[in-house]
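Quick look at run36.csv (CSV, C-alpha atoms):
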chain,number,residue,atom,x,y,z
U,17,MET,CA,33.7,-41.3,-4.7
U,18,ASP,CA,34.3,-38.4,-2.3
U,19,TRP,CA,32.9,-35.2,-3.9
U,20,LEU,CA,36.2,-33.4,-3.1
U,21,ASP,CA,38.0,-35.8,-5.5
U,22,HIS,CA,36.0,-34.4,-8.4
U,23,ILE,CA,38.0,-31.2,-8.1
U,24,LYS,CA,41.2,-31.0,-10.1
U,25,TRP,CA,43.4,-29.4,-7.5
U,26,ASP,CA,46.4,-27.5,-9.0
U,27,ARG,CA,50.1,-28.2,-8.4
U,28,ASP,CA,49.8,-26.3,-5.0
U,29,GLY,CA,46.7,-28.3,-4.0
U,30,LEU,CA,44.5,-25.3,-4.6
U,31,VAL,CA,41.5,-24.3,-6.7
U,32,PRO,CA,40.5,-20.8,-7.7
U,33,VAL,CA,37.1,-19.6,-6.3
U,34,ILE,CA,34.8,-16.9,-7.5
U,35,ALA,CA,32.4,-15.4,-5.0
U,36,GLN,CA,29.2,-14.0,-6.6
U,37,GLU,CA,26.5,-12.3,-4.7
U,38,ALA,CA,23.3,-14.4,-5.1
U,39,ALA,CA,20.8,-11.5,-5.0
U,40,THR,CA,22.6,-9.1,-7.4
U,41,GLY,CA,24.8,-11.3,-9.6
U,42,ASP,CA,27.8,-9.0,-8.7
U,43,VAL,CA,31.2,-10.7,-8.7
U,44,LEU,CA,32.5,-9.7,-5.3
U,45,MET,CA,35.9,-11.4,-5.0
U,46,PHE,CA,38.2,-14.1,-6.1
U,47,ALA,CA,40.3,-16.3,-3.8
U,48,TRP,CA,41.7,-19.8,-3.4
U,49,MET,CA,40.7,-22.9,-1.5
U,50,ASN,CA,42.5,-26.1,-0.6
U,51,ARG,CA,40.7,-29.3,0.1
U,52,GLU,CA,40.1,-28.6,3.7
U,53,ALA,CA,38.8,-25.1,3.0
U,54,LEU,CA,36.3,-26.4,0.5
U,55,ALA,CA,35.2,-29.1,2.9
U,56,ARG,CA,34.7,-26.6,5.7
U,57,THR,CA,32.8,-24.2,3.3
U,58,ALA,CA,30.4,-26.9,2.4
U,59,ALA,CA,29.9,-28.0,6.0
U,60,LEU,CA,29.7,-24.5,7.5
U,61,LYS,CA,27.8,-22.9,4.6
U,62,GLN,CA,30.1,-20.0,5.1
U,63,ALA,CA,33.1,-19.3,2.8
U,64,VAL,CA,36.5,-20.5,4.2
U,65,TYR,CA,39.4,-19.8,1.9
U,66,PHE,CA,43.1,-20.6,1.9
U,67,SER,CA,45.3,-17.6,2.2
U,68,ARG,CA,48.3,-18.0,-0.1
U,69,SER,CA,50.2,-15.2,1.6
U,70,ARG,CA,49.6,-16.5,5.1
U,71,GLN,CA,49.5,-20.2,4.0
U,72,LYS,CA,46.6,-21.0,6.3
U,73,LEU,CA,42.8,-21.3,6.3
U,74,TRP,CA,41.0,-18.0,6.3
U,75,HIS,CA,37.4,-17.9,7.4
U,76,LYS,CA,36.2,-14.9,5.6
U,77,GLY,CA,34.8,-12.4,8.1
U,78,GLU,CA,36.8,-13.7,11.1
U,79,GLU,CA,38.4,-10.3,11.5
U,80,SER,CA,35.9,-8.0,9.7
U,81,GLY,CA,32.6,-9.6,10.7
U,82,HIS,CA,31.9,-9.7,7.0
U,83,PHE,CA,31.1,-13.4,6.7
U,84,GLN,CA,29.8,-14.9,3.4
U,85,GLN,CA,26.8,-17.1,3.6
U,86,VAL,CA,27.0,-19.8,0.9
U,87,HIS,CA,23.9,-20.8,-1.0
U,88,GLU,CA,25.4,-22.8,-3.8
U,89,ILE,CA,28.7,-24.3,-4.7
U,90,ARG,CA,29.3,-24.9,-8.4
U,91,VAL,CA,32.3,-26.2,-10.4
U,92,ASP,CA,33.1,-25.6,-14.0
U,93,CYS,CA,33.3,-28.0,-16.9
U,94,ASP,CA,37.0,-28.7,-16.3
U,95,GLN,CA,36.4,-29.2,-12.5
U,96,ASP,CA,39.2,-26.7,-11.8
U,97,VAL,CA,37.3,-23.6,-10.8
U,98,VAL,CA,34.7,-23.2,-8.1
U,99,LEU,CA,31.8,-20.6,-8.1
U,100,LEU,CA,30.1,-19.7,-4.9
U,101,LYS,CA,26.7,-18.0,-4.8
U,102,ILE,CA,26.7,-16.1,-1.6
U,103,THR,CA,25.1,-13.4,0.6
U,104,GLN,CA,27.7,-11.0,1.9
U,105,LEU,CA,26.9,-10.4,5.6
U,106,GLY,CA,27.8,-7.8,8.1
U,107,HIS,CA,26.9,-4.6,6.2
U,108,GLU,CA,24.2,-3.3,3.9
U,109,PRO,CA,25.1,-3.2,1.1
U,110,GLY,CA,27.6,-6.1,1.5
U,111,ILE,CA,31.3,-5.3,1.7
U,112,ALA,CA,33.5,-8.0,0.4
U,113,CYS,CA,36.7,-6.0,-0.2
U,114,HIS,CA,39.3,-5.1,2.4
U,115,THR,CA,39.2,-1.5,1.0
U,116,GLY,CA,35.7,-1.2,2.3
U,117,ARG,CA,34.1,-1.5,-1.1
U,118,HIS,CA,31.2,-3.8,-2.2
U,119,SER,CA,33.4,-5.7,-4.7
U,120,CYS,CA,37.1,-6.2,-5.1
U,121,PHE,CA,36.7,-5.4,-8.8
U,122,PHE,CA,36.4,-1.7,-8.5
U,123,GLU,CA,39.0,-0.6,-11.0
U,124,ARG,CA,37.9,-0.3,-14.6
U,125,LEU,CA,40.1,0.2,-17.6
U,126,GLU,CA,39.4,3.6,-19.2
U,127,GLY,CA,41.4,3.8,-22.4
U,128,ASP,CA,45.0,3.5,-21.3
U,129,HIS,CA,44.6,3.8,-17.5
U,130,TRP,CA,42.7,2.1,-14.6
U,131,GLN,CA,40.1,4.1,-12.8
U,132,ALA,CA,38.5,3.3,-9.4
U,133,VAL,CA,34.8,3.6,-10.1
U,134,ASP,CA,33.1,2.2,-7.1
U,135,PRO,CA,32.7,4.0,-3.7
U,136,VAL,CA,34.2,3.1,-0.4
U,137,LEU,CA,31.2,2.1,1.8
U,138,LYS,CA,33.0,2.0,5.1
U,139,ASP,CA,36.4,3.1,6.3
U,140,PRO,CA,38.7,0.1,6.4
U,141,ALA,CA,40.2,1.4,9.7
U,142,SER,CA,36.8,0.9,11.3
U,143,ILE,CA,36.3,-2.5,9.8
U,144,TYR,CA,39.6,-4.0,11.0
U,145,LYS,CA,40.1,-3.1,14.6
U,146,ALA,CA,43.5,-3.7,16.1
N,14,MET,CA,53.1,3.7,-16.9
N,15,ASP,CA,51.8,1.1,-19.3
N,16,TRP,CA,48.4,0.0,-18.0
N,17,LEU,CA,49.5,-3.6,-18.5
N,18,ASP,CA,52.2,-3.1,-15.9
N,19,HIS,CA,49.5,-2.5,-13.3
N,20,ILE,CA,48.6,-6.2,-13.5
N,21,LYS,CA,50.5,-8.6,-11.1
N,22,TRP,CA,51.3,-11.4,-13.5
N,23,ASP,CA,51.8,-14.8,-11.8
N,24,ARG,CA,55.0,-16.9,-12.0
N,25,ASP,CA,53.9,-18.1,-15.4
N,26,GLY,CA,53.2,-14.6,-16.7
N,27,LEU,CA,49.4,-15.2,-16.5
N,28,VAL,CA,46.4,-13.6,-14.8
N,29,PRO,CA,43.1,-15.4,-14.1
N,30,VAL,CA,40.1,-14.0,-15.9
N,31,ILE,CA,36.4,-14.2,-15.1
N,32,ALA,CA,34.0,-13.6,-17.9
N,33,GLN,CA,30.6,-12.3,-16.8
N,34,GLU,CA,27.6,-11.8,-19.0
N,35,ALA,CA,26.9,-8.1,-18.9
N,36,ALA,CA,23.1,-8.4,-19.5
N,37,THR,CA,22.4,-11.1,-17.0
N,38,GLY,CA,25.3,-11.1,-14.5
N,39,ASP,CA,25.8,-14.8,-15.1
N,40,VAL,CA,29.4,-16.0,-14.7
N,41,LEU,CA,30.0,-17.8,-17.9
N,42,MET,CA,33.6,-19.0,-17.8
N,43,PHE,CA,37.0,-18.7,-16.3
N,44,ALA,CA,40.3,-18.7,-18.2
N,45,TRP,CA,43.8,-17.1,-18.3
N,46,MET,CA,45.5,-14.3,-20.1
N,47,ASN,CA,49.1,-13.4,-20.6
N,48,ARG,CA,50.2,-9.9,-21.4
N,49,GLU,CA,49.6,-10.2,-25.1
N,50,ALA,CA,46.2,-11.7,-24.7
N,51,LEU,CA,45.0,-8.8,-22.4
N,52,ALA,CA,46.5,-6.2,-24.8
N,53,ARG,CA,44.7,-7.8,-27.7
N,54,THR,CA,41.4,-8.1,-25.8
N,55,ALA,CA,41.5,-4.4,-25.0
N,56,ALA,CA,42.4,-3.5,-28.6
N,57,LEU,CA,39.9,-5.9,-30.3
N,58,LYS,CA,37.1,-5.6,-27.7
N,59,GLN,CA,36.8,-9.3,-28.0
N,60,ALA,CA,38.1,-11.8,-25.5
N,61,VAL,CA,41.5,-13.3,-26.3
N,62,TYR,CA,42.8,-15.8,-23.8
N,63,PHE,CA,45.9,-17.8,-23.3
N,64,SER,CA,45.4,-21.5,-23.5
N,65,ARG,CA,47.5,-23.2,-20.9
N,66,SER,CA,47.0,-26.6,-22.4
N,67,ARG,CA,48.0,-25.5,-26.0
N,68,GLN,CA,50.4,-22.8,-24.7
N,69,LYS,CA,49.2,-20.2,-27.2
N,70,LEU,CA,46.8,-17.4,-27.7
N,71,TRP,CA,43.1,-18.4,-28.0
N,72,HIS,CA,40.7,-16.0,-29.6
N,73,LYS,CA,37.5,-17.3,-28.0
N,74,GLY,CA,35.1,-18.1,-30.8
N,75,GLU,CA,37.7,-18.7,-33.5
N,76,GLU,CA,36.5,-22.3,-33.9
N,77,SER,CA,32.9,-22.1,-32.5
N,78,GLY,CA,31.9,-18.7,-33.8
N,79,HIS,CA,31.0,-17.9,-30.2
N,80,PHE,CA,33.0,-14.7,-29.8
N,81,GLN,CA,32.8,-12.6,-26.7
N,82,GLN,CA,32.2,-8.9,-27.1
N,83,VAL,CA,34.0,-7.1,-24.3
N,84,HIS,CA,32.2,-4.1,-22.7
N,85,GLU,CA,34.3,-3.6,-19.6
N,86,ILE,CA,37.7,-4.8,-18.2
N,87,ARG,CA,38.1,-4.6,-14.5
N,88,VAL,CA,40.9,-5.6,-12.1
N,89,ASP,CA,40.6,-6.5,-8.4
N,90,CYS,CA,42.1,-4.8,-5.4
N,91,ASP,CA,45.3,-6.9,-5.6
N,92,GLN,CA,45.6,-6.4,-9.4
N,93,ASP,CA,45.9,-10.1,-9.9
N,94,VAL,CA,42.5,-11.1,-11.2
N,95,VAL,CA,40.7,-9.6,-14.2
N,96,LEU,CA,36.9,-9.4,-14.7
N,97,LEU,CA,35.4,-9.0,-18.1
N,98,LYS,CA,31.8,-7.8,-18.7
N,99,ILE,CA,30.8,-9.4,-22.0
N,100,THR,CA,28.1,-10.3,-24.5
N,101,GLN,CA,28.4,-13.9,-25.5
N,102,LEU,CA,27.9,-13.8,-29.3
N,103,GLY,CA,26.9,-16.5,-31.9
N,104,HIS,CA,23.8,-18.1,-30.3
N,105,GLU,CA,20.8,-16.9,-28.3
N,106,PRO,CA,21.0,-17.5,-25.4
N,107,GLY,CA,24.8,-17.2,-25.4
N,108,ILE,CA,26.9,-20.4,-25.3
N,109,ALA,CA,30.2,-20.0,-23.5
N,110,CYS,CA,30.9,-23.6,-22.6
N,111,HIS,CA,32.4,-26.2,-25.0
N,112,THR,CA,29.7,-28.6,-23.8
N,113,GLY,CA,27.1,-26.4,-25.5
N,114,ARG,CA,25.8,-24.9,-22.3
N,115,HIS,CA,25.3,-21.3,-21.4
N,116,SER,CA,27.9,-21.3,-18.6
N,117,CYS,CA,30.8,-23.5,-17.8
N,118,PHE,CA,29.5,-23.6,-14.2
N,119,PHE,CA,26.7,-26.1,-14.7
N,120,GLU,CA,27.6,-28.6,-12.0
N,121,ARG,CA,26.2,-27.9,-8.5
N,122,LEU,CA,27.0,-29.6,-5.3
N,123,GLU,CA,24.0,-31.4,-4.0
N,124,GLY,CA,24.8,-32.8,-0.6
N,125,ASP,CA,27.7,-35.2,-1.3
N,126,HIS,CA,27.6,-35.3,-5.1
N,127,TRP,CA,27.8,-33.0,-8.1
N,128,GLN,CA,24.8,-32.6,-10.3
N,129,ALA,CA,24.7,-31.1,-13.8
N,130,VAL,CA,21.8,-28.6,-13.5
N,131,ASP,CA,21.9,-26.6,-16.7
N,132,PRO,CA,20.7,-27.8,-20.1
N,133,VAL,CA,22.8,-28.3,-23.2
N,134,LEU,CA,21.6,-25.6,-25.7
N,135,LYS,CA,23.4,-27.0,-28.7
N,136,ASP,CA,25.1,-30.2,-29.6
N,137,PRO,CA,28.9,-29.6,-29.3
N,138,ALA,CA,29.3,-31.8,-32.5
N,139,SER,CA,27.5,-29.1,-34.4
N,140,ILE,CA,29.4,-26.3,-32.8
N,141,TYR,CA,32.9,-27.6,-33.6
N,142,LYS,CA,33.0,-28.8,-37.1
N,143,ALA,CA,36.0,-30.8,-38.2

Take the structure I supplied and represent it as structure tokens, if you would.
Amino acid sequence: MDWLDHIKWDRDGLVPVIAQEAATGDVLMFAWMNREALARTAALKQAVYFSRSRQKLWHKGEESGHFQQVHEIRVDCDQDVVLLKITQLGHEPGIACHTGRHSCFFERLEGDHWQAVDPVLKDPASIYKA
Amino acid sequence: MDWLDHIKWDRDGLVPVIAQEAATGDVLMFAWMNREALARTAALKQAVYFSRSRQKLWHKGEESGHFQQVHEIRVDCDQDVVLLKITQLGHEPGIACHTGRHSCFFERLEGDHWQAVDPVLKDPASIYKA
């Protein structure tokens, strides 16, 4: 059996993907892959997602230089979620978020409001050059 | 504004949720919440998910005793994914997976096949009593 057939793709042909930094355990981002994206990720050993907004493959880092080196690909007990163990390349510490932060999960619930609690490491304007 | 209105609920009124063990950084599971589930999670400080298969609220641990104590609730930069920092209760080390394993992400891609690489810590038959 093709290993890609093990995945239970959703009604849109996608699977949710969690990217976790291998060295720190930090959860950096969450995105989606279709079959081709996961195949390319495994072959390239760099994260290739499927952009739902743009409806096309998205090689993470293609614009920012912040590629994700993939060390491990895991799937959960229902075969419908993928976990990547990665190194976030292109900056030290790694910047996974388009806001210039380490992780996309930078807002924390504080009582009855959300608070941004992690610093911007690099101005997004200097990450994404026109 | 109600903090729950900050979340971009999907077309089914759900948001994907990643549960990460606070002490180890391990990603233990992935599930979904609706508005009520997230409200209850914040109030109770224990994870309450929405079961898509059963179409009802699911207080994690209600059958297994493996409750999840919630230390932090985070949201990502698009406000459409939630990250919980938890302690997995009821067993040492924590068992989040219905297979009796620590984490649901126990299958790893090895070349062209998936390999279960983490041990069963407790027989599921003794976790879920009839």

Selection near Cys113 (chain U), 8 Å with only C-alpha atoms, sequence-local residues under 3 positions removed, as a list in words:
Leu44, Met45, Gly116, Arg117, His118, Ser119 and Cys120 of chain U; Cys90 of chain N

Using only C-alpha atoms and a distance of at most 9 Å, pull out the residues of chain U that contact chain N, as a ChimeraX atom specification.
/U:17-20,22,32,34,36,40-43,45-46,58,88-95,97-99,113-115,119-130

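If you count all atoms listed in the file and ignore residues fewer than 5 places along the chain from region 74-80 of chain N, what sits within 10 Å of it is Gln59, Ala60, Val61, Ile99, Thr100, Gln101, Leu102, Gly103, His104, Gly107, Ile108, Ala109, Cys110, His111, Pro137, Ser139, Ile140, Tyr141, Lys142 and Ala143 of chain N.
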
For CA of Phe63 (chain N) and CA of Gln82 (chain N), quote the distance in Å rounded to one decimal.
16.8 Å

Using all atoms listed in the file, determine which residues lie at most 8 Å from Lys58 (chain N), disregarding the query and same-chain residues fewer than 4 positions distant; provide the list as a PyMOL selection string.
chain N and resi 53-54+82-84

Same residues, C-alpha atoms, output as a compact mmCIF listing (two decimals), keeping the file's coordinate frame:
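Ended up saving to part_5.txt:
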# COMPACT_ATOMS: atom_id res chain seq x y z
CA ARG N 53 44.70 -7.80 -27.70
CA THR N 54 41.40 -8.10 -25.80
CA GLN N 82 32.20 -8.90 -27.10
CA VAL N 83 34.00 -7.10 -24.30
CA HIS N 84 32.20 -4.10 -22.70

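For the pair CA of Trp25 (chain U) and CA of Lys21 (chain N), the interatomic distance is 22.3 Å.
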
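Taking CA of Ala52 (chain N) and CA of Lys73 (chain N) as endpoints, the distance between them is 14.6 Å.
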
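For Arg65 (chain N), the residues within 8 Å (counting only C-alpha atoms, excluding itself and residues fewer than 3 positions away along the chain) are N:Trp45, N:Gln68, N:Lys69.
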